[in-house]
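A.B. asks: Supplied structure: protein-v2.cif, mmCIF, C-alpha atoms and all ligand atoms.
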```cif
data_final
loop_
_atom_site.label_atom_id
_atom_site.label_comp_id
_atom_site.auth_asym_id
_atom_site.auth_seq_id
_atom_site.Cartn_x
_atom_site.Cartn_y
_atom_site.Cartn_z
CA MET H 15 90.62 17.09 141.35
CA ALA H 16 87.19 15.59 141.67
CA LYS H 17 86.10 13.50 138.70
CA ASP H 18 83.45 15.23 136.59
CA ILE H 19 80.27 13.70 135.22
CA MET H 20 80.43 12.72 131.54
CA PRO H 21 78.37 13.36 128.38
CA LEU H 22 76.31 10.30 127.41
CA LYS H 23 76.86 10.04 123.65
CA GLU H 24 80.05 7.98 123.37
CA TYR H 25 78.79 5.36 125.83
CA LEU H 26 75.62 4.73 123.88
CA VAL H 27 77.43 4.68 120.53
CA ASP H 28 79.60 1.93 122.01
CA ALA H 29 76.49 0.19 123.33
CA ARG H 30 74.81 0.22 119.93
CA ALA H 31 77.90 -1.30 118.31
CA GLY H 32 78.15 -3.91 121.06
CA LYS H 33 74.41 -4.71 121.20
CA TYR H 34 74.03 -3.90 124.87
CA ALA H 35 72.23 -1.21 126.85
CA LEU H 36 72.61 0.86 129.98
CA GLY H 37 69.82 1.27 132.47
CA GLY H 38 68.89 4.91 133.00
CA PHE H 39 68.30 4.86 136.74
CA CYS H 40 66.11 7.58 138.19
CA ILE H 41 67.34 8.77 141.60
CA TRP H 42 66.24 11.50 143.96
CA THR H 43 68.85 11.36 146.74
CA TYR H 44 72.60 10.87 146.96
CA ALA H 45 72.15 7.68 149.03
CA TYR H 46 70.06 5.80 146.47
CA GLY H 47 72.33 7.04 143.73
CA LYS H 48 75.31 5.65 145.58
CA ALA H 49 73.61 2.27 146.07
CA VAL H 50 73.16 1.87 142.31
CA ALA H 51 76.63 3.26 141.52
CA ASP H 52 78.24 0.64 143.77
CA VAL H 53 76.68 -2.02 141.55
CA ALA H 54 77.83 -0.36 138.31
CA ASN H 55 81.28 -0.09 139.80
CA LYS H 56 81.32 -3.77 140.74
CA LEU H 57 80.26 -4.76 137.20
CA GLY H 58 82.55 -2.24 135.48
CA LEU H 59 79.67 -0.48 133.69
CA PRO H 60 79.15 3.27 133.23
CA MET H 61 76.69 4.62 135.81
CA LEU H 62 73.82 6.41 134.09
CA TYR H 63 71.34 8.49 136.08
CA ILE H 64 68.23 10.10 134.64
CA ILE H 65 66.40 12.79 136.56
CA GLY H 66 63.45 15.00 135.72
CA ASP H 67 61.91 18.08 137.27
CA ALA H 68 60.49 16.32 140.33
CA GLU H 69 63.76 14.64 141.27
CA ILE H 70 65.71 17.85 140.71
CA GLY H 71 63.33 19.45 143.20
CA PHE H 72 64.15 16.79 145.80
CA PHE H 73 67.86 17.46 145.35
CA GLY H 74 67.19 21.16 145.84
CA GLY H 75 67.93 22.32 142.30
CA GLU H 76 70.10 21.49 139.30
CA LYS H 77 73.39 22.50 140.90
CA ASN H 78 72.89 20.25 143.91
CA ALA H 79 71.93 17.34 141.68
CA VAL H 80 75.10 17.84 139.62
CA GLN H 81 77.19 18.14 142.78
CA ALA H 82 75.76 14.92 144.24
CA CYS H 83 76.62 13.06 141.04
CA ARG H 84 80.11 14.56 140.94
CA THR H 85 80.61 13.33 144.49
CA ILE H 86 79.55 9.84 143.47
CA ALA H 87 81.82 10.07 140.41
CA SER H 88 84.78 10.70 142.68
CA GLU H 89 83.86 7.66 144.79
CA VAL H 90 83.73 5.07 142.00
CA ASP H 91 86.13 4.01 139.24
CA VAL H 92 83.55 3.90 136.42
CA PRO H 93 82.29 6.95 134.47
CA VAL H 94 79.20 8.64 135.90
CA ILE H 95 76.61 10.27 133.62
CA LEU H 96 73.71 12.49 134.66
CA HIS H 97 70.99 12.90 132.05
CA ALA H 98 68.16 15.45 132.26
CA ASP H 99 64.96 13.52 131.49
CA HIS H 100 61.94 14.97 129.65
CA PHE H 101 62.90 18.64 129.72
CA ARG H 102 60.26 20.39 127.70
CA ASP H 103 61.69 23.74 126.73
CA PHE H 104 64.86 25.58 125.83
CA GLU H 105 64.97 27.59 129.07
CA SER H 106 64.98 24.57 131.37
CA ILE H 107 67.65 22.90 129.21
CA LYS H 108 69.78 26.02 129.41
CA ARG H 109 69.42 26.08 133.19
CA ALA H 110 70.52 22.44 133.42
CA VAL H 111 73.52 22.92 131.12
CA ASP H 112 74.57 26.06 133.00
CA ALA H 113 74.41 24.02 136.24
CA GLY H 114 76.76 21.39 134.80
CA PHE H 115 74.52 18.77 133.14
CA ARG H 116 76.37 17.24 130.18
CA SER H 117 73.48 15.25 128.78
CA VAL H 118 69.88 16.35 128.21
CA MET H 119 66.63 15.19 126.70
CA ILE H 120 64.46 17.73 124.92
CA ASP H 121 60.97 16.30 124.74
CA ALA H 122 58.99 18.32 122.23
CA SER H 123 57.10 15.22 121.10
CA ALA H 124 53.75 16.74 122.05
CA TYR H 125 54.17 19.32 119.26
CA PRO H 126 53.44 18.73 115.58
CA PHE H 127 56.31 17.09 113.67
CA GLU H 128 57.79 20.27 112.16
CA GLU H 129 57.64 22.12 115.46
CA ASN H 130 59.24 19.17 117.27
CA ILE H 131 62.10 19.42 114.73
CA GLU H 132 62.42 23.16 115.23
CA ARG H 133 62.44 23.06 119.03
CA THR H 134 64.79 20.08 119.15
CA ALA H 135 67.22 21.59 116.62
CA GLU H 136 67.41 24.78 118.67
CA VAL H 137 68.47 22.79 121.73
CA VAL H 138 71.00 20.76 119.72
CA GLU H 139 72.65 23.90 118.38
CA PHE H 140 73.04 25.33 121.88
CA ALA H 141 73.99 22.09 123.65
CA HIS H 142 76.54 20.85 121.13
CA LYS H 143 78.53 24.07 121.55
CA ALA H 144 78.93 23.07 125.20
CA GLY H 145 79.76 19.43 124.35
CA VAL H 146 76.44 18.28 125.78
CA THR H 147 74.67 15.17 124.47
CA VAL H 148 71.07 15.62 123.26
CA GLU H 149 68.26 13.07 123.21
CA GLY H 150 65.11 13.86 121.22
CA GLU H 151 61.79 12.05 121.13
CA LEU H 152 59.64 11.20 118.15
CA GLY H 153 56.25 9.54 118.65
CA ARG H 154 54.44 9.73 121.97
CA ILE H 155 55.15 7.46 124.91
CA ALA H 156 51.81 6.99 126.61
CA GLY H 157 51.19 7.46 130.32
CA TYR H 158 49.76 4.56 132.35
CA GLU H 159 46.54 6.50 132.80
CA GLN H 160 45.85 6.41 129.08
CA HIS H 161 43.60 3.61 127.85
CA LEU H 162 44.31 3.15 124.18
CA SER H 163 42.97 0.90 121.49
CA VAL H 164 45.51 -0.92 119.32
CA ASP H 165 44.93 1.60 116.50
CA GLU H 166 45.46 4.52 118.86
CA GLU H 167 48.60 2.84 120.19
CA GLN H 168 50.00 2.43 116.68
CA ALA H 169 49.25 6.08 115.85
CA LEU H 170 51.43 7.22 118.76
CA GLN H 171 54.36 5.04 117.75
CA THR H 172 57.46 6.30 115.96
CA ASP H 173 57.27 6.25 112.16
CA PRO H 174 60.56 4.90 110.69
CA ASP H 175 60.67 7.37 107.76
CA ASP H 176 59.85 10.33 109.98
CA ALA H 177 62.64 9.15 112.28
CA VAL H 178 65.18 9.45 109.45
CA LYS H 179 64.12 13.03 108.73
CA PHE H 180 63.94 13.92 112.43
CA VAL H 181 67.48 12.72 113.13
CA LYS H 182 68.88 14.42 110.03
CA ASP H 183 67.12 17.76 110.51
CA THR H 184 67.74 18.09 114.25
CA GLY H 185 71.26 16.69 114.61
CA ILE H 186 70.33 14.81 117.83
CA ASP H 187 72.73 12.24 119.28
CA ILE H 188 70.14 9.82 120.69
CA LEU H 189 66.56 9.04 119.64
CA ALA H 190 63.78 8.04 122.05
CA VAL H 191 61.34 5.84 120.17
CA SER H 192 57.77 4.96 121.01
CA ILE H 193 57.17 1.25 120.38
CA GLY H 194 54.52 0.35 122.94
CA THR H 195 56.00 0.94 126.39
CA VAL H 196 54.28 3.33 128.81
CA HIS H 197 55.42 5.54 131.66
CA GLY H 198 54.43 4.29 135.12
CA LEU H 199 52.87 0.96 136.08
CA TYR H 200 51.27 -1.23 133.43
CA LYS H 201 47.63 -2.00 133.95
CA PHE H 202 47.72 -4.62 131.20
CA GLU H 203 50.30 -6.66 129.32
CA PRO H 204 52.13 -4.27 126.94
CA HIS H 205 52.58 -5.04 123.24
CA ILE H 206 56.17 -4.10 122.46
CA ASN H 207 56.41 -3.52 118.71
CA ILE H 208 59.73 -5.20 117.84
CA PRO H 209 59.07 -5.23 114.04
CA ARG H 210 58.68 -1.44 114.16
CA LEU H 211 61.88 -1.10 116.18
CA LYS H 212 63.71 -3.22 113.61
CA LYS H 213 62.51 -0.93 110.79
CA ILE H 214 63.66 2.16 112.68
CA ALA H 215 67.03 0.58 113.52
CA GLU H 216 67.60 -0.33 109.86
CA LYS H 217 67.21 3.31 108.83
CA VAL H 218 68.63 5.19 111.81
CA SER H 219 72.20 4.53 112.92
CA ILE H 220 72.35 6.66 116.09
CA PRO H 221 71.66 5.03 119.49
CA LEU H 222 67.96 4.37 120.15
CA VAL H 223 66.41 4.50 123.61
CA MET H 224 63.29 3.15 125.22
CA HIS H 225 61.35 4.82 128.01
CA GLY H 226 58.93 3.11 130.37
CA GLY H 227 61.27 0.24 131.24
CA SER H 228 59.60 -0.58 134.55
CA GLY H 229 57.49 -3.70 134.31
CA THR H 230 58.26 -4.25 130.61
CA PRO H 231 58.60 -8.04 130.09
CA GLU H 232 62.28 -8.93 130.22
CA ASP H 233 62.23 -11.12 127.13
CA LYS H 234 60.94 -8.10 125.18
CA VAL H 235 63.58 -5.86 126.74
CA ALA H 236 66.30 -8.33 125.69
CA GLU H 237 64.89 -8.44 122.15
CA ALA H 238 64.78 -4.64 122.00
CA VAL H 239 68.43 -4.46 123.07
CA GLU H 240 69.38 -6.92 120.31
CA ASN H 241 67.69 -4.50 117.90
CA GLY H 242 69.25 -1.13 118.67
CA ILE H 243 67.98 -0.04 122.09
CA THR H 244 70.94 1.29 124.11
CA LYS H 245 69.25 2.90 127.12
CA LEU H 246 66.25 1.73 129.10
CA ASN H 247 64.72 4.30 131.44
CA LEU H 248 63.87 2.91 134.85
CA ALA H 249 61.99 5.09 137.32
CA THR H 250 58.77 3.53 138.64
CA ASP H 251 60.56 0.31 139.61
CA LEU H 252 62.98 2.23 141.84
CA VAL H 253 60.18 4.07 143.59
CA LYS H 254 58.41 0.75 144.11
CA THR H 255 61.55 -0.93 145.47
CA VAL H 256 62.22 1.85 147.97
CA GLY H 257 58.54 2.18 148.93
CA LEU H 258 58.03 -1.53 149.59
CA ALA H 259 61.26 -1.85 151.58
CA THR H 260 60.58 1.11 153.84
CA ALA H 261 56.97 -0.03 154.40
CA ARG H 262 58.27 -3.49 155.34
CA VAL H 263 60.82 -2.08 157.77
CA GLN H 264 58.23 0.17 159.31
CA GLN H 265 56.09 -2.87 160.12
CA LYS H 266 58.90 -4.44 162.09
CA GLU H 267 59.35 -3.70 165.72
CA GLY H 268 62.70 -2.45 166.71
CA PHE H 269 63.86 -0.41 163.75
CA GLY H 270 64.68 1.94 166.58
CA TYR H 271 63.48 5.08 164.85
CA SER H 272 66.89 5.27 163.26
CA VAL H 273 67.10 6.73 159.77
CA ALA H 274 69.87 4.28 158.95
CA ASN H 275 67.70 1.32 159.96
CA LEU H 276 64.65 2.64 158.15
CA TYR H 277 66.44 2.94 154.82
CA ALA H 278 68.98 0.11 155.10
CA GLU H 279 66.76 -2.49 153.44
CA ALA H 280 65.74 -0.12 150.66
CA TYR H 281 69.41 0.48 149.97
CA GLU H 282 70.13 -3.25 149.75
CA ASP H 283 67.00 -3.99 147.70
CA LEU H 284 67.95 -1.28 145.20
CA LYS H 285 71.32 -2.94 144.76
CA VAL H 286 69.73 -6.30 144.05
CA TYR H 287 67.30 -4.71 141.59
CA ALA H 288 70.02 -2.69 139.84
CA GLU H 289 72.36 -5.66 139.47
CA HIS H 290 69.60 -7.78 137.96
CA LYS H 291 68.71 -5.09 135.39
CA MET H 292 72.29 -4.15 134.56
CA ARG H 293 73.19 -7.79 133.92
CA LEU H 294 70.14 -8.24 131.70
CA LEU H 295 70.81 -5.10 129.66
CA ALA H 296 74.58 -5.41 129.35
CA LYS H 297 74.68 -9.19 128.85
CA HIS H 298 76.80 -8.93 125.69
CA LYS H 299 79.26 -6.42 127.13
CA LEU H 300 79.74 -8.28 130.39
CA LYS H 301 80.48 -11.49 128.45
CA GLU H 302 83.06 -9.68 126.30
CA ASP H 303 84.84 -8.21 129.30
CA MET H 304 85.14 -11.51 131.09
ZN ZN H 401 60.25 8.90 129.67
#
```
As structure tokens, please, write out the structure in this file.
C.D. replies:
Amino acid sequence: MAKDIMPLKEYLVDARAGKYALGGFCIWTYAYGKAVADVANKLGLPMLYIIGDAEIGFFGGEKNAVQACRTIASEVDVPVILHADHFRDFESIKRAVDAGFRSVMIDASAYPFEENIERTAEVVEFAHKAGVTVEGELGRIAGYEQHLSVDEEQALQTDPDDAVKFVKDTGIDILAVSIGTVHGLYKFEPHINIPRLKKIAEKVSIPLVMHGGSGTPEDKVAEAVENGITKLNLATDLVKTVGLATARVQQKEGFGYSVANLYAEAYEDLKVYAEHKMRLLAKHKLKEDM
């Protein structure tokens, strides 16, 4: 029987205890997924994919995305996890779970605190019955297009006391915190608020996750992992890696108008990128296993 994809929770609980993190790699085709999975397999780390609405569209729907990841799962020895990223309502979560997703993020962070709790709790109640892991978000993770003052930045960040109530009232398994990263490319050096993360981690024992991993300074990422971050979402970096490689190949004469030639370098570059990030994030685990 083909190996199924796995719920995320237990892997991140282990990561929090072991002070390491998994990269959440955003993919939009089987091929790029397989490139990254080969690296996870080589290192002996769980393979964690994150995909949102746009990527699901490129796969041709939730069921196809699940099937592609099940195929990869049957081709590697390590566990494979597929996590629905930034799903904004109950209906889309239900569609994903019905299609076979075993890990989901409900992002109701745009709503007022009490409504975020309500919407998130509703998803938890439904998803837990199906053994599905749930990530919730408290605080807003800014988009790259947003120009914020330091005060505005602070206002968007996760409040440690609110985080305690949010986790307790919703029953989520994983908490996405806002501590200064942004989605997309940085236009300026980010201020990653490690003291705030430490306060949250002191009060909240479930695994914490950080979005906007692309371009975040690696010393800050390492510090965040030491302080409770167990998943780092990586999307923009993968798009950049694939985009630059295919543009480079296209410039060369003699790629022969072969699909395999066009994408070969992107495939290899993704592997190099993924190995670098996985080693950085799982430094403590990889040491232990040696
Ligand atoms: Zn995100």
A.B. asks: Do you know which residues are at most 8 Å from Pro221 of chain H counting only C-alpha atoms, after dropping those on the same chain fewer than 5 positions away, and could you put them as a VMD selection string?
C.D. replies: chain H and resid 26 to 27 29 to 30 187 to 189 242 to 244
A.B. asks: For each of H:Thr43, H:Thr85, H:Ser192, H:Thr134, take the minimum atom-to-atom distance to ligand ZN 401 (chain H), counting all atoms listed in the file, then give the residue where this is smallest.
C.D. replies: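 Among H:Thr43, H:Thr85, H:Ser192, H:Thr134, it is H:Ser192 that comes nearest to ligand ZN 401 (chain H).
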A.B. asks: Can I get the residues of chain H within 8 Å of ligand ZN 401 (chain H), each with the closest pair of atoms and their distance in Å to one decimal, using only C-alpha atoms and all ligand atoms, sorted chain first then ascending number, as a Markdown table?
C.D. replies:
```
| residue | atom | partner | partner_atom | distance |
| --- | --- | --- | --- | --- |
| H:Asp99 | CA | H:ZN401 | ZN | 6.8 |
| H:His100 | CA | H:ZN401 | ZN | 6.3 |
| H:Ile155 | CA | H:ZN401 | ZN | 7.1 |
| H:His197 | CA | H:ZN401 | ZN | 6.2 |
| H:Met224 | CA | H:ZN401 | ZN | 7.9 |
| H:His225 | CA | H:ZN401 | ZN | 4.5 |
| H:Gly226 | CA | H:ZN401 | ZN | 6.0 |
| H:Asn247 | CA | H:ZN401 | ZN | 6.7 |
```
A.B. asks: Looking at H:Lys217, H:Lys301, H:Lys285, H:Arg133, which one is nearest to Ala45 of chain H, with distances taken over all atoms listed in the file?
C.D. replies: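 Between H:Lys217, H:Lys301, H:Lys285, H:Arg133, the residue approaching Ala45 of chain H most closely is H:Lys285.
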A.B. asks: Using all atoms listed in the file, which residue out of H:Gly270, H:Gly198, H:Gly75, H:Pro60 lies closest to Val253 of chain H?
C.D. replies: H:Gly198
A.B. asks: Find the spatial neighbours of Val118 of chain H, counting all atoms listed in the file, within a cut-off of 6 Å - ignore same-chain residues fewer than 2 positions away - and output them as a list in words.
C.D. replies: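 Those residues are His97, Ala98 and Val148 of chain H.
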A.B. asks: Would you output that residue set with C-alpha atoms, as a short mmCIF file (atom, residue, chain, number, x, y, z; two decimals), keeping the file's coordinate frame?
C.D. replies:
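Resulting contents of selection_21.cif:
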```
data_model
loop_
_atom_site.label_atom_id
_atom_site.label_comp_id
_atom_site.auth_asym_id
_atom_site.auth_seq_id
_atom_site.Cartn_x
_atom_site.Cartn_y
_atom_site.Cartn_z
CA HIS H 97 70.99 12.90 132.05
CA ALA H 98 68.16 15.45 132.26
CA VAL H 148 71.07 15.62 123.26
#
```
A.B. asks: Counting all atoms listed in the file, which residue out of H:Glu282, H:Asp103, H:Glu203, H:Asp165 sits closest to Val256 of chain H?
C.D. replies: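 For Val256 of chain H, the nearest of the given residues is H:Glu282.
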A.B. asks: If you take every atom of segment 227-230 of chain H that the file lists and fit an axis-aligned box around them with 8 Å extra on each side, what centre and edge lengths come out in Å to one decimal, as AutoDock Vina command-line options?
C.D. replies:
```
--center_x 59.4 --center_y -2.0 --center_z 132.6 --size_x 19.8 --size_y 20.5 --size_z 19.9
```
A.B. asks: Go through H:Ile19, H:Val178, H:Ala169, H:Ile208 and flag the residue nearest Ile86 of chain H, using all atoms listed in the file for the distances.
C.D. replies: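 For Ile86 of chain H, the nearest of the candidates is H:Ile19.
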A.B. asks: Leaving out Glu279 of chain H and any residue of its chain fewer than 3 positions from it, which residues lie within 10 Å of it when counting all atoms listed in the file, given as a PyMOL selection string?
C.D. replies: chain H and resi 255-256+258-260+262-263+274-276+282-285
A.B. asks: With distances taken over only C-alpha atoms, which residue among H:Gly185, H:Gly114, H:Gly66, H:Pro231 lies nearest Trp42 of chain H?
C.D. replies: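 Among the listed residues, the smallest separation from Trp42 of chain H belongs to H:Gly66.
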A.B. asks: Please provide as a list in words all residues within 6 Å of Cys40 of chain H, with the sequence filter that same-chain residues fewer than 4 positions apart are discarded (counting only C-alpha atoms).
C.D. replies: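 My reading of the contact set: Tyr63, Ile64, Ile65 and Ala249 of chain H.
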A.B. asks: Keeping only C-alpha atoms, write the selected residues as a tab-separated table (two decimals), in the frame of the given file.
C.D. replies:
```
chain	number	residue	atom	x	y	z
H	63	TYR	CA	71.34	8.49	136.08
H	64	ILE	CA	68.23	10.10	134.64
H	65	ILE	CA	66.40	12.79	136.56
H	249	ALA	CA	61.99	5.09	137.32
```
A.B. asks: For atom CA of Leu300 of chain H and atom CA of Ile95 of chain H, determine how far apart the two atoms are, in Å to one decimal place.
C.D. replies: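 Computed distance, atom CA of Leu300 of chain H to atom CA of Ile95 of chain H, equals 19.1 Å.
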A.B. asks: Using only C-alpha atoms, can you list as a tab-separated table (two decimals) with C-alpha atoms, keeping the file's coordinate frame the residues within 10 Å of (81.9, 13.7, 141.0)?
C.D. replies:
```tsv
chain	number	residue	atom	x	y	z
H	15	MET	CA	90.62	17.09	141.35
H	16	ALA	CA	87.19	15.59	141.67
H	17	LYS	CA	86.10	13.50	138.70
H	18	ASP	CA	83.45	15.23	136.59
H	19	ILE	CA	80.27	13.70	135.22
H	20	MET	CA	80.43	12.72	131.54
H	80	VAL	CA	75.10	17.84	139.62
H	81	GLN	CA	77.19	18.14	142.78
H	82	ALA	CA	75.76	14.92	144.24
H	83	CYS	CA	76.62	13.06	141.04
H	84	ARG	CA	80.11	14.56	140.94
H	85	THR	CA	80.61	13.33	144.49
H	86	ILE	CA	79.55	9.84	143.47
H	87	ALA	CA	81.82	10.07	140.41
H	88	SER	CA	84.78	10.70	142.68
H	89	GLU	CA	83.86	7.66	144.79
H	90	VAL	CA	83.73	5.07	142.00
H	93	PRO	CA	82.29	6.95	134.47
H	94	VAL	CA	79.20	8.64	135.90
H	95	ILE	CA	76.61	10.27	133.62
```
A.B. asks: So how many Å separate atom CA of Arg154 of chain H and atom CA of Gln171 of chain H, to one decimal?
C.D. replies: 6.3 Å
A.B. asks: Compile the contact shell of Asn55 of chain H as a VMD selection string: residues with an atom at most 8 Å away, counting only C-alpha atoms, same-chain residues fewer than 6 positions apart removed.
C.D. replies: chain H and resid 61 90 to 92
A.B. asks: Any idea what the distance is between atom CA of Ala35 of chain H and atom CA of Arg109 of chain H?
C.D. replies: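 According to the coordinates, atom CA of Ala35 of chain H and atom CA of Arg109 of chain H are separated by 28.2 Å.
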A.B. asks: Could you get me a file of segment 126-140 of chain H with N, CA and C atoms, as a PDB file, in the first residue's frame, taken from the block above?
C.D. replies:
```pdb
ATOM      1  N   PRO H 126     -10.997  40.616  14.526  1.00  0.00           N
ATOM      2  CA  PRO H 126     -10.747  40.991  15.922  1.00  0.00           C
ATOM      3  C   PRO H 126     -10.474  39.736  16.768  1.00  0.00           C
ATOM      4  N   PHE H 127      -9.757  39.922  17.869  1.00  0.00           N
ATOM      5  CA  PHE H 127      -9.291  38.815  18.707  1.00  0.00           C
ATOM      6  C   PHE H 127     -10.361  37.760  18.997  1.00  0.00           C
ATOM      7  N   GLU H 128     -11.527  38.205  19.498  1.00  0.00           N
ATOM      8  CA  GLU H 128     -12.569  37.240  19.880  1.00  0.00           C
ATOM      9  C   GLU H 128     -13.082  36.454  18.671  1.00  0.00           C
ATOM     10  N   GLU H 129     -13.174  37.139  17.538  1.00  0.00           N
ATOM     11  CA  GLU H 129     -13.664  36.460  16.340  1.00  0.00           C
ATOM     12  C   GLU H 129     -12.615  35.494  15.781  1.00  0.00           C
ATOM     13  N   ASN H 130     -11.349  35.867  15.915  1.00  0.00           N
ATOM     14  CA  ASN H 130     -10.253  34.961  15.533  1.00  0.00           C
ATOM     15  C   ASN H 130     -10.368  33.676  16.365  1.00  0.00           C
ATOM     16  N   ILE H 131     -10.605  33.832  17.669  1.00  0.00           N
ATOM     17  CA  ILE H 131     -10.766  32.669  18.556  1.00  0.00           C
ATOM     18  C   ILE H 131     -11.935  31.801  18.080  1.00  0.00           C
ATOM     19  N   GLU H 132     -13.050  32.451  17.833  1.00  0.00           N
ATOM     20  CA  GLU H 132     -14.265  31.721  17.436  1.00  0.00           C
ATOM     21  C   GLU H 132     -14.061  30.922  16.150  1.00  0.00           C
ATOM     22  N   ARG H 133     -13.535  31.598  15.134  1.00  0.00           N
ATOM     23  CA  ARG H 133     -13.339  30.961  13.830  1.00  0.00           C
ATOM     24  C   ARG H 133     -12.295  29.843  13.904  1.00  0.00           C
ATOM     25  N   THR H 134     -11.264  30.077  14.699  1.00  0.00           N
ATOM     26  CA  THR H 134     -10.199  29.077  14.814  1.00  0.00           C
ATOM     27  C   THR H 134     -10.705  27.861  15.591  1.00  0.00           C
ATOM     28  N   ALA H 135     -11.446  28.111  16.671  1.00  0.00           N
ATOM     29  CA  ALA H 135     -11.972  27.016  17.497  1.00  0.00           C
ATOM     30  C   ALA H 135     -12.917  26.120  16.686  1.00  0.00           C
ATOM     31  N   GLU H 136     -13.675  26.733  15.812  1.00  0.00           N
ATOM     32  CA  GLU H 136     -14.610  25.968  14.973  1.00  0.00           C
ATOM     33  C   GLU H 136     -13.849  24.984  14.069  1.00  0.00           C
ATOM     34  N   VAL H 137     -12.745  25.461  13.524  1.00  0.00           N
ATOM     35  CA  VAL H 137     -11.912  24.605  12.662  1.00  0.00           C
ATOM     36  C   VAL H 137     -11.268  23.487  13.492  1.00  0.00           C
ATOM     37  N   VAL H 138     -10.790  23.843  14.678  1.00  0.00           N
ATOM     38  CA  VAL H 138     -10.137  22.842  15.541  1.00  0.00           C
ATOM     39  C   VAL H 138     -11.110  21.708  15.868  1.00  0.00           C
ATOM     40  N   GLU H 139     -12.326  22.087  16.211  1.00  0.00           N
ATOM     41  CA  GLU H 139     -13.316  21.072  16.595  1.00  0.00           C
ATOM     42  C   GLU H 139     -13.556  20.085  15.450  1.00  0.00           C
ATOM     43  N   PHE H 140     -13.684  20.629  14.257  1.00  0.00           N
ATOM     44  CA  PHE H 140     -13.909  19.787  13.074  1.00  0.00           C
ATOM     45  C   PHE H 140     -12.657  18.964  12.738  1.00  0.00           C
TER      46      PHE H 140
END
```
